[in-house]
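J.: Right, I'll just put the structure down here and ask away after.
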Amino acid sequence: MQQQPPLQLGVLGSGKGSNFRAIAEAIDAGRLNAQVRIVIADVEDAGILDYARARGIRAEYLPPGRFRTKLEPEAEARLVALLREAGVDLVVLAGYMRIVKAPLLEAFPNRIVNIHPALLPKFPGLEAWKQALEAGAAVAGCTVHYVDSGVDSGPILGQSEVPVLPGDTAETLHARIQVAEHALYPAVLARLAAER
Ligand code: GRF
């Protein structure tokens, strides 16, 4: 069977980029038929940018502007332009701490995915693992979903459960969820790449 061309990814992050690392490693290992065209962060010294640069992937800091939870409209227009110029098919949010608005949603309809550290629809929003712990949940986990105009609310593509263990702290639980994320995200992307 003839291999399809690789799915062209644009990765957005704000933090250390461990999910991006897992995605890049899956590509290297031949488990994910994709290529990362560009990595964009709203935090200048985010680890995700360093890691992209170390791998020779184009890495851009995009100043977010004056808002705390979303991009300024000019910044979001610039984001769309960068992703388009880079030839991106699918926008991959990997620890991107801003809400995506109409310019990006309209430019990439049904082509933006996110990973969230909870079993959605439970515990949307910030520090979801802490919410699960405080609610006394026996099982936590992570979800990969399409992004829509809500907060962590788009159609679910895949989930992975993680047990909450006696004595768990927010840190130990989040670390265990991240291990699950690193398996789930590349697997879901591989499925999307294969289903085209
Ligand atoms: C992950 O826990 C993800 O679920 C959440 O942000 C974190 C990103 O971590 N959206 P990293 O930057 O990929 O290490």
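Labeling convention for the structure tokens: chains A, B, ... as they appear, residues from 1 per chain, ligands from 1 in order of appearance.
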Give me, as a tab-separated table, the closest atom pair and its distance (Å, one decimal) for every residue of chain A within a cut-off of 10 Å of ligand 1, counting only C-alpha atoms and all ligand atoms, rows sorted by chain and rising number.
T.:
```
residue	atom	partner	partner_atom_place_in_ligand_line	distance
A:Leu12	CA	ligand 1	12 (O)	9.6
A:Gly13	CA	ligand 1	12 (O)	6.3
A:Ser14	CA	ligand 1	12 (O)	6.5
A:Gly15	CA	ligand 1	12 (O)	4.2
A:Lys16	CA	ligand 1	12 (O)	4.2
A:Gly17	CA	ligand 1	12 (O)	3.5
A:Ser18	CA	ligand 1	14 (O)	3.5
A:Asn19	CA	ligand 1	13 (O)	3.7
A:Phe20	CA	ligand 1	13 (O)	5.9
A:Arg21	CA	ligand 1	13 (O)	7.7
A:Ala22	CA	ligand 1	13 (O)	8.5
A:Ile23	CA	ligand 1	13 (O)	9.7
A:Ala46	CA	ligand 1	12 (O)	8.6
A:Gly47	CA	ligand 1	12 (O)	7.8
A:Ile48	CA	ligand 1	12 (O)	6.8
A:Leu93	CA	ligand 1	10 (N)	7.6
A:Ala94	CA	ligand 1	13 (O)	5.1
A:Gly95	CA	ligand 1	8 (C)	3.4
A:Tyr96	CA	ligand 1	10 (N)	6.3
A:Met97	CA	ligand 1	10 (N)	7.1
A:Arg98	CA	ligand 1	10 (N)	10.0
A:Asn114	CA	ligand 1	10 (N)	7.1
A:Ile115	CA	ligand 1	4 (O)	4.9
A:His116	CA	ligand 1	4 (O)	4.0
A:Pro117	CA	ligand 1	4 (O)	4.0
A:Ala118	CA	ligand 1	4 (O)	7.7
A:Gly125	CA	ligand 1	10 (N)	9.3
A:Leu126	CA	ligand 1	10 (N)	8.5
A:Glu127	CA	ligand 1	5 (C)	8.3
A:Ala128	CA	ligand 1	4 (O)	8.6
A:Trp129	CA	ligand 1	2 (O)	8.6
A:Gly141	CA	ligand 1	4 (O)	9.4
A:Cys142	CA	ligand 1	4 (O)	6.8
A:Thr143	CA	ligand 1	4 (O)	8.0
A:Val144	CA	ligand 1	4 (O)	8.7
A:Asp152	CA	ligand 1	10 (N)	9.5
A:His174	CA	ligand 1	2 (O)	6.9
A:Ala175	CA	ligand 1	2 (O)	8.3
A:Arg176	CA	ligand 1	2 (O)	9.9
A:Ile177	CA	ligand 1	2 (O)	7.2
A:Gln178	CA	ligand 1	2 (O)	5.7
A:Val179	CA	ligand 1	2 (O)	9.4
A:Ala180	CA	ligand 1	4 (O)	9.8
A:Glu181	CA	ligand 1	4 (O)	6.8
A:His182	CA	ligand 1	13 (O)	8.3
A:Tyr185	CA	ligand 1	4 (O)	9.7
```
J.: What would the file look like if the residues just selected were written as a compact mmCIF listing (two decimals), in the first residue's frame with N, CA and C atoms?
T.:
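Written file, selection.txt:
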```txt
# COMPACT_ATOMS: atom_id res chain seq x y z
N LEU A 12 1.37 24.21 19.17
CA LEU A 12 1.31 25.42 20.01
C LEU A 12 1.48 25.01 21.47
N GLY A 13 2.37 25.68 22.18
CA GLY A 13 2.57 25.35 23.59
C GLY A 13 2.94 26.58 24.40
N SER A 14 2.92 26.39 25.73
CA SER A 14 3.31 27.47 26.64
C SER A 14 4.34 27.00 27.65
N GLY A 15 4.60 25.71 27.71
CA GLY A 15 5.39 25.17 28.81
C GLY A 15 6.57 24.33 28.37
N LYS A 16 6.78 23.24 29.13
CA LYS A 16 8.01 22.49 28.92
C LYS A 16 7.99 21.64 27.65
N GLY A 17 6.81 21.31 27.18
CA GLY A 17 6.73 20.63 25.88
C GLY A 17 6.94 19.14 25.92
N SER A 18 6.56 18.49 27.04
CA SER A 18 6.77 17.04 27.08
C SER A 18 5.84 16.32 26.12
N ASN A 19 4.65 16.85 25.86
CA ASN A 19 3.77 16.22 24.87
C ASN A 19 4.33 16.38 23.47
N PHE A 20 4.87 17.53 23.18
CA PHE A 20 5.52 17.74 21.87
C PHE A 20 6.67 16.76 21.70
N ARG A 21 7.42 16.56 22.77
CA ARG A 21 8.55 15.63 22.72
C ARG A 21 8.04 14.21 22.38
N ALA A 22 6.96 13.81 23.03
CA ALA A 22 6.40 12.47 22.77
C ALA A 22 5.93 12.35 21.32
N ILE A 23 5.37 13.42 20.79
CA ILE A 23 4.90 13.42 19.40
C ILE A 23 6.10 13.31 18.46
N ALA A 46 9.75 29.45 26.94
CA ALA A 46 9.13 28.12 27.11
C ALA A 46 10.07 27.02 26.63
N GLY A 47 10.14 25.96 27.40
CA GLY A 47 10.99 24.82 27.06
C GLY A 47 10.65 24.21 25.71
N ILE A 48 9.38 24.31 25.34
CA ILE A 48 8.95 23.72 24.06
C ILE A 48 9.70 24.36 22.88
N LEU A 93 -2.57 21.61 19.92
CA LEU A 93 -2.34 22.35 21.15
C LEU A 93 -1.72 21.39 22.17
N ALA A 94 -0.53 21.73 22.62
CA ALA A 94 0.20 20.85 23.54
C ALA A 94 0.65 21.68 24.74
N GLY A 95 -0.29 21.85 25.68
CA GLY A 95 0.00 22.68 26.84
C GLY A 95 -0.05 24.16 26.50
N TYR A 96 -0.94 24.51 25.58
CA TYR A 96 -1.10 25.92 25.19
C TYR A 96 -2.14 26.54 26.12
N MET A 97 -1.73 27.56 26.88
CA MET A 97 -2.56 28.04 27.98
C MET A 97 -3.45 29.22 27.60
N ARG A 98 -3.85 29.28 26.35
CA ARG A 98 -4.76 30.36 25.94
C ARG A 98 -5.97 29.80 25.22
N ASN A 114 -6.57 19.25 20.99
CA ASN A 114 -5.98 19.63 22.27
C ASN A 114 -5.88 18.40 23.16
N ILE A 115 -4.95 18.44 24.11
CA ILE A 115 -4.93 17.41 25.15
C ILE A 115 -5.24 18.06 26.49
N HIS A 116 -6.14 17.41 27.23
CA HIS A 116 -6.59 17.97 28.51
C HIS A 116 -6.36 16.93 29.60
N PRO A 117 -5.83 17.35 30.76
CA PRO A 117 -5.47 16.37 31.78
C PRO A 117 -6.63 15.94 32.68
N ALA A 118 -7.74 15.53 32.09
CA ALA A 118 -8.89 14.98 32.83
C ALA A 118 -9.74 14.18 31.85
N GLY A 125 -11.11 23.14 32.27
CA GLY A 125 -10.46 24.31 32.88
C GLY A 125 -9.10 23.99 33.46
N LEU A 126 -8.64 24.90 34.30
CA LEU A 126 -7.26 24.86 34.79
C LEU A 126 -7.04 23.78 35.86
N GLU A 127 -5.82 23.26 35.91
CA GLU A 127 -5.38 22.31 36.93
C GLU A 127 -6.43 21.22 37.17
N ALA A 128 -6.80 20.58 36.08
CA ALA A 128 -7.88 19.60 36.13
C ALA A 128 -7.55 18.42 37.04
N TRP A 129 -6.28 18.05 37.13
CA TRP A 129 -5.89 16.93 38.00
C TRP A 129 -6.14 17.28 39.46
N GLY A 141 -7.43 10.99 34.47
CA GLY A 141 -6.99 10.60 33.13
C GLY A 141 -6.77 11.80 32.24
N CYS A 142 -6.79 11.52 30.94
CA CYS A 142 -6.58 12.60 29.97
C CYS A 142 -7.44 12.35 28.73
N THR A 143 -7.66 13.44 28.00
CA THR A 143 -8.55 13.41 26.84
C THR A 143 -7.91 14.19 25.69
N VAL A 144 -7.97 13.62 24.50
CA VAL A 144 -7.64 14.39 23.30
C VAL A 144 -8.96 14.71 22.60
N ASP A 152 -12.43 23.47 26.61
CA ASP A 152 -12.25 22.02 26.71
C ASP A 152 -13.55 21.27 26.38
N HIS A 174 -0.54 14.38 38.68
CA HIS A 174 -0.29 15.02 37.38
C HIS A 174 0.82 14.28 36.63
N ALA A 175 1.87 13.87 37.36
CA ALA A 175 2.97 13.15 36.71
C ALA A 175 2.47 11.85 36.08
N ARG A 176 1.59 11.14 36.80
CA ARG A 176 1.06 9.87 36.26
C ARG A 176 0.16 10.15 35.04
N ILE A 177 -0.60 11.23 35.10
CA ILE A 177 -1.46 11.58 33.95
C ILE A 177 -0.57 11.94 32.74
N GLN A 178 0.53 12.61 33.01
CA GLN A 178 1.39 13.00 31.88
C GLN A 178 1.98 11.78 31.17
N VAL A 179 2.30 10.75 31.92
CA VAL A 179 2.79 9.51 31.28
C VAL A 179 1.73 8.99 30.31
N ALA A 180 0.46 9.01 30.75
CA ALA A 180 -0.64 8.56 29.88
C ALA A 180 -0.80 9.49 28.68
N GLU A 181 -0.63 10.79 28.90
CA GLU A 181 -0.75 11.75 27.79
C GLU A 181 0.26 11.42 26.69
N HIS A 182 1.47 11.07 27.12
CA HIS A 182 2.56 10.88 26.15
C HIS A 182 2.33 9.66 25.26
N TYR A 185 -1.54 10.97 23.06
CA TYR A 185 -1.56 12.02 22.03
C TYR A 185 -0.97 11.51 20.70
```
J.: Using only C-alpha atoms, which residues sit within 9 Å of Leu79 (chain A) once same-chain residues fewer than 6 positions away are excluded, as a list in words?
T.: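 Answer for this query is Ile40, Leu62 and Leu104 of chain A.
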J.: Print the selection's residues with N, CA and C atoms to a file, as a PDB file, in the first residue's frame.
T.:
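Contents of the output file again_7.pdb:
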```pdb
ATOM      1  N   ILE A  40       5.013  27.068  17.970  1.00  0.00           N
ATOM      2  CA  ILE A  40       4.771  28.468  18.345  1.00  0.00           C
ATOM      3  C   ILE A  40       4.402  28.514  19.829  1.00  0.00           C
ATOM      4  N   LEU A  62       5.462  34.060  19.837  1.00  0.00           N
ATOM      5  CA  LEU A  62       4.455  35.008  19.373  1.00  0.00           C
ATOM      6  C   LEU A  62       3.943  35.789  20.578  1.00  0.00           C
ATOM      7  N   LEU A 104      -8.578  31.777  14.520  1.00  0.00           N
ATOM      8  CA  LEU A 104      -7.916  30.477  14.366  1.00  0.00           C
ATOM      9  C   LEU A 104      -8.951  29.379  14.087  1.00  0.00           C
TER      10      LEU A 104
END
```
J.: Assign secondary structure with DSSP using the backbone only, and return the residues of region 5-196 of chain A in helix (DSSP H, G or I) as a compact mmCIF listing (two decimals) with N, CA, C and O atoms, in the first residue's frame.
T.:
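Below you can see part-v8.txt, which holds the result:
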```
# COMPACT_ATOMS: atom_id res chain seq x y z
N SER A 18 6.56 18.49 27.04
CA SER A 18 6.77 17.04 27.08
C SER A 18 5.84 16.32 26.12
O SER A 18 6.21 15.27 25.58
N ASN A 19 4.65 16.85 25.86
CA ASN A 19 3.77 16.22 24.87
C ASN A 19 4.33 16.38 23.47
O ASN A 19 4.28 15.44 22.67
N PHE A 20 4.87 17.53 23.18
CA PHE A 20 5.52 17.74 21.87
C PHE A 20 6.67 16.76 21.70
O PHE A 20 6.85 16.16 20.63
N ARG A 21 7.42 16.56 22.77
CA ARG A 21 8.55 15.63 22.72
C ARG A 21 8.04 14.21 22.38
O ARG A 21 8.62 13.53 21.53
N ALA A 22 6.96 13.81 23.03
CA ALA A 22 6.40 12.47 22.77
C ALA A 22 5.93 12.35 21.32
O ALA A 22 6.11 11.30 20.69
N ILE A 23 5.37 13.42 20.79
CA ILE A 23 4.90 13.42 19.40
C ILE A 23 6.10 13.31 18.46
O ILE A 23 6.11 12.51 17.51
N ALA A 24 7.14 14.11 18.72
CA ALA A 24 8.34 14.09 17.87
C ALA A 24 9.00 12.70 17.90
O ALA A 24 9.46 12.19 16.88
N GLU A 25 9.01 12.09 19.09
CA GLU A 25 9.63 10.75 19.20
C GLU A 25 8.81 9.70 18.46
O GLU A 25 9.37 8.77 17.87
N ALA A 26 7.49 9.86 18.48
CA ALA A 26 6.63 8.91 17.74
C ALA A 26 6.86 9.04 16.24
O ALA A 26 6.86 8.05 15.50
N ILE A 27 7.08 10.27 15.78
CA ILE A 27 7.38 10.48 14.36
C ILE A 27 8.71 9.80 14.02
O ILE A 27 8.81 9.05 13.04
N ASP A 28 9.72 10.05 14.85
CA ASP A 28 11.05 9.45 14.62
C ASP A 28 10.97 7.93 14.56
O ASP A 28 11.68 7.29 13.78
N GLY A 47 10.14 25.96 27.40
CA GLY A 47 10.99 24.82 27.06
C GLY A 47 10.65 24.21 25.71
O GLY A 47 11.52 23.70 25.01
N ILE A 48 9.38 24.31 25.34
CA ILE A 48 8.95 23.72 24.06
C ILE A 48 9.70 24.36 22.88
O ILE A 48 10.02 23.69 21.90
N LEU A 49 10.02 25.65 22.99
CA LEU A 49 10.76 26.33 21.91
C LEU A 49 12.20 25.83 21.87
O LEU A 49 12.76 25.59 20.79
N ASP A 50 12.81 25.68 23.04
CA ASP A 50 14.20 25.17 23.09
C ASP A 50 14.28 23.79 22.48
O ASP A 50 15.20 23.47 21.72
N TYR A 51 13.29 22.96 22.84
CA TYR A 51 13.33 21.59 22.34
C TYR A 51 13.15 21.57 20.81
O TYR A 51 13.84 20.84 20.10
N ALA A 52 12.24 22.41 20.30
CA ALA A 52 12.05 22.47 18.84
C ALA A 52 13.35 22.92 18.16
O ALA A 52 13.79 22.30 17.18
N ARG A 53 13.96 23.95 18.71
CA ARG A 53 15.21 24.47 18.10
C ARG A 53 16.29 23.40 18.12
O ARG A 53 17.01 23.23 17.13
N ALA A 54 16.38 22.68 19.22
CA ALA A 54 17.41 21.63 19.33
C ALA A 54 17.20 20.56 18.27
O ALA A 54 18.15 19.90 17.85
N PRO A 73 -6.36 40.24 19.11
CA PRO A 73 -6.76 39.89 17.74
C PRO A 73 -5.60 39.96 16.72
O PRO A 73 -5.47 39.09 15.86
N GLU A 74 -4.73 40.96 16.86
CA GLU A 74 -3.60 41.07 15.91
C GLU A 74 -2.67 39.87 16.06
O GLU A 74 -2.12 39.37 15.08
N ALA A 75 -2.49 39.45 17.30
CA ALA A 75 -1.60 38.30 17.54
C ALA A 75 -2.22 37.03 16.97
O ALA A 75 -1.53 36.19 16.38
N GLU A 76 -3.54 36.90 17.11
CA GLU A 76 -4.18 35.68 16.59
C GLU A 76 -4.14 35.67 15.06
O GLU A 76 -3.96 34.61 14.45
N ALA A 77 -4.26 36.84 14.45
CA ALA A 77 -4.14 36.91 12.99
C ALA A 77 -2.72 36.52 12.55
O ALA A 77 -2.53 35.80 11.56
N ARG A 78 -1.75 36.94 13.31
CA ARG A 78 -0.34 36.59 13.02
C ARG A 78 -0.14 35.08 13.19
O ARG A 78 0.56 34.45 12.40
N LEU A 79 -0.77 34.53 14.20
CA LEU A 79 -0.69 33.08 14.44
C LEU A 79 -1.23 32.31 13.22
O LEU A 79 -0.60 31.37 12.72
N VAL A 80 -2.38 32.74 12.74
CA VAL A 80 -2.98 32.09 11.56
C VAL A 80 -2.03 32.21 10.37
O VAL A 80 -1.80 31.23 9.65
N ALA A 81 -1.46 33.37 10.19
CA ALA A 81 -0.54 33.58 9.06
C ALA A 81 0.67 32.66 9.17
O ALA A 81 1.09 32.04 8.17
N LEU A 82 1.23 32.55 10.36
CA LEU A 82 2.40 31.68 10.55
C LEU A 82 2.07 30.23 10.24
O LEU A 82 2.84 29.53 9.57
N LEU A 83 0.91 29.77 10.72
CA LEU A 83 0.52 28.38 10.50
C LEU A 83 0.26 28.11 9.01
O LEU A 83 0.66 27.07 8.48
N ARG A 84 -0.36 29.08 8.36
CA ARG A 84 -0.65 28.91 6.92
C ARG A 84 0.64 28.90 6.11
O ARG A 84 0.84 28.02 5.26
N GLU A 85 1.50 29.88 6.39
CA GLU A 85 2.81 29.94 5.68
C GLU A 85 3.59 28.64 5.82
O GLU A 85 4.30 28.23 4.92
N ALA A 102 -12.16 32.99 17.29
CA ALA A 102 -12.68 32.82 15.92
C ALA A 102 -11.61 32.83 14.82
O ALA A 102 -11.67 31.98 13.93
N PRO A 103 -10.64 33.75 14.83
CA PRO A 103 -9.72 33.76 13.68
C PRO A 103 -9.05 32.41 13.45
O PRO A 103 -8.98 31.93 12.31
N LEU A 104 -8.58 31.78 14.52
CA LEU A 104 -7.92 30.48 14.37
C LEU A 104 -8.95 29.38 14.09
O LEU A 104 -8.75 28.53 13.20
N LEU A 105 -10.08 29.40 14.81
CA LEU A 105 -11.11 28.37 14.62
C LEU A 105 -11.64 28.39 13.19
O LEU A 105 -11.88 27.35 12.59
N GLU A 106 -11.79 29.59 12.63
CA GLU A 106 -12.34 29.70 11.28
C GLU A 106 -11.30 29.34 10.22
O GLU A 106 -11.64 28.85 9.15
N ALA A 107 -10.04 29.60 10.52
CA ALA A 107 -8.98 29.28 9.55
C ALA A 107 -8.71 27.78 9.50
O ALA A 107 -8.31 27.26 8.46
N ALA A 128 -6.80 20.58 36.08
CA ALA A 128 -7.88 19.60 36.13
C ALA A 128 -7.55 18.42 37.04
O ALA A 128 -8.44 17.85 37.67
N TRP A 129 -6.28 18.05 37.13
CA TRP A 129 -5.89 16.93 38.00
C TRP A 129 -6.14 17.28 39.46
O TRP A 129 -6.54 16.44 40.25
N LYS A 130 -5.95 18.55 39.79
CA LYS A 130 -6.20 19.01 41.16
C LYS A 130 -7.71 18.97 41.45
O LYS A 130 -8.14 18.57 42.52
N GLN A 131 -8.50 19.36 40.45
CA GLN A 131 -9.95 19.30 40.60
C GLN A 131 -10.40 17.87 40.87
O GLN A 131 -11.25 17.61 41.72
N ALA A 132 -9.80 16.90 40.13
CA ALA A 132 -10.18 15.49 40.28
C ALA A 132 -9.83 15.01 41.69
O ALA A 132 -10.63 14.32 42.34
N LEU A 133 -8.65 15.39 42.15
CA LEU A 133 -8.19 14.99 43.48
C LEU A 133 -9.11 15.57 44.56
O LEU A 133 -9.55 14.87 45.47
N GLU A 134 -9.41 16.84 44.42
CA GLU A 134 -10.25 17.51 45.43
C GLU A 134 -11.68 16.97 45.43
O GLU A 134 -12.34 16.95 46.46
N ALA A 170 -1.22 16.46 44.23
CA ALA A 170 -1.48 17.03 42.90
C ALA A 170 -0.30 16.71 41.99
O ALA A 170 -0.49 16.36 40.81
N GLU A 171 0.91 16.78 42.53
CA GLU A 171 2.11 16.57 41.70
C GLU A 171 2.23 15.12 41.23
O GLU A 171 2.51 14.85 40.07
N THR A 172 2.02 14.16 42.16
CA THR A 172 2.19 12.75 41.76
C THR A 172 1.09 12.35 40.77
O THR A 172 1.35 11.61 39.82
N LEU A 173 -0.11 12.85 41.00
CA LEU A 173 -1.21 12.51 40.08
C LEU A 173 -0.96 13.13 38.70
O LEU A 173 -1.12 12.46 37.68
N HIS A 174 -0.54 14.38 38.68
CA HIS A 174 -0.29 15.02 37.38
C HIS A 174 0.82 14.28 36.63
O HIS A 174 0.73 14.06 35.42
N ALA A 175 1.87 13.87 37.36
CA ALA A 175 2.97 13.15 36.71
C ALA A 175 2.47 11.85 36.08
O ALA A 175 2.86 11.49 34.96
N ARG A 176 1.59 11.14 36.80
CA ARG A 176 1.06 9.87 36.26
C ARG A 176 0.16 10.15 35.04
O ARG A 176 0.17 9.39 34.07
N ILE A 177 -0.60 11.23 35.10
CA ILE A 177 -1.46 11.58 33.95
C ILE A 177 -0.57 11.94 32.74
O ILE A 177 -0.88 11.57 31.61
N GLN A 178 0.53 12.61 33.01
CA GLN A 178 1.39 13.00 31.88
C GLN A 178 1.98 11.78 31.17
O GLN A 178 2.11 11.78 29.95
N VAL A 179 2.30 10.75 31.92
CA VAL A 179 2.79 9.51 31.28
C VAL A 179 1.73 8.99 30.31
O VAL A 179 2.03 8.59 29.17
N ALA A 180 0.46 9.01 30.75
CA ALA A 180 -0.64 8.56 29.88
C ALA A 180 -0.80 9.49 28.68
O ALA A 180 -1.05 9.03 27.55
N GLU A 181 -0.63 10.79 28.90
CA GLU A 181 -0.75 11.75 27.79
C GLU A 181 0.26 11.42 26.69
O GLU A 181 -0.05 11.51 25.50
N HIS A 182 1.47 11.07 27.12
CA HIS A 182 2.56 10.88 26.15
C HIS A 182 2.33 9.66 25.26
O HIS A 182 2.90 9.56 24.19
N ALA A 183 1.49 8.73 25.74
CA ALA A 183 1.10 7.60 24.89
C ALA A 183 -0.13 7.96 24.05
O ALA A 183 -0.22 7.63 22.87
N LEU A 184 -1.10 8.63 24.70
CA LEU A 184 -2.38 8.89 24.03
C LEU A 184 -2.26 9.87 22.86
O LEU A 184 -2.83 9.63 21.79
N TYR A 185 -1.54 10.97 23.06
CA TYR A 185 -1.56 12.02 22.03
C TYR A 185 -0.97 11.51 20.70
O TYR A 185 -1.63 11.61 19.65
N PRO A 186 0.22 10.91 20.72
CA PRO A 186 0.74 10.39 19.45
C PRO A 186 -0.16 9.33 18.82
O PRO A 186 -0.31 9.29 17.60
N ALA A 187 -0.80 8.50 19.66
CA ALA A 187 -1.67 7.44 19.12
C ALA A 187 -2.88 8.04 18.42
O ALA A 187 -3.28 7.60 17.34
N VAL A 188 -3.48 9.06 19.03
CA VAL A 188 -4.65 9.69 18.40
C VAL A 188 -4.22 10.40 17.11
O VAL A 188 -4.90 10.31 16.08
N LEU A 189 -3.09 11.07 17.14
CA LEU A 189 -2.62 11.76 15.93
C LEU A 189 -2.33 10.74 14.82
O LEU A 189 -2.62 11.00 13.65
N ALA A 190 -1.77 9.60 15.20
CA ALA A 190 -1.48 8.56 14.20
C ALA A 190 -2.77 8.09 13.54
O ALA A 190 -2.83 7.86 12.33
N ARG A 191 -3.82 7.97 14.36
CA ARG A 191 -5.12 7.55 13.81
C ARG A 191 -5.65 8.61 12.85
O ARG A 191 -6.12 8.30 11.75
N LEU A 192 -5.54 9.89 13.23
CA LEU A 192 -6.01 10.97 12.35
C LEU A 192 -5.21 10.98 11.05
O LEU A 192 -5.76 11.20 9.97
N ALA A 193 -3.91 10.74 11.16
CA ALA A 193 -3.05 10.73 9.97
C ALA A 193 -3.44 9.58 9.05
O ALA A 193 -3.42 9.72 7.82
N ALA A 194 -3.82 8.45 9.63
CA ALA A 194 -4.16 7.27 8.83
C ALA A 194 -5.55 7.37 8.23
O ALA A 194 -5.82 6.80 7.17
```
J.: Region 4-167 of chain A: which residues are strand (DSSP E) by DSSP, as JSON, numbers by chain?
T.: {"A": [7, 8, 9, 10, 11, 12, 13, 34, 35, 36, 37, 38, 39, 40, 41, 59, 60, 61, 90, 91, 92, 93, 112, 113, 114, 115, 116, 139, 140, 141, 142, 143, 144, 145, 146, 156, 157, 158, 159, 160, 161, 162, 163]}
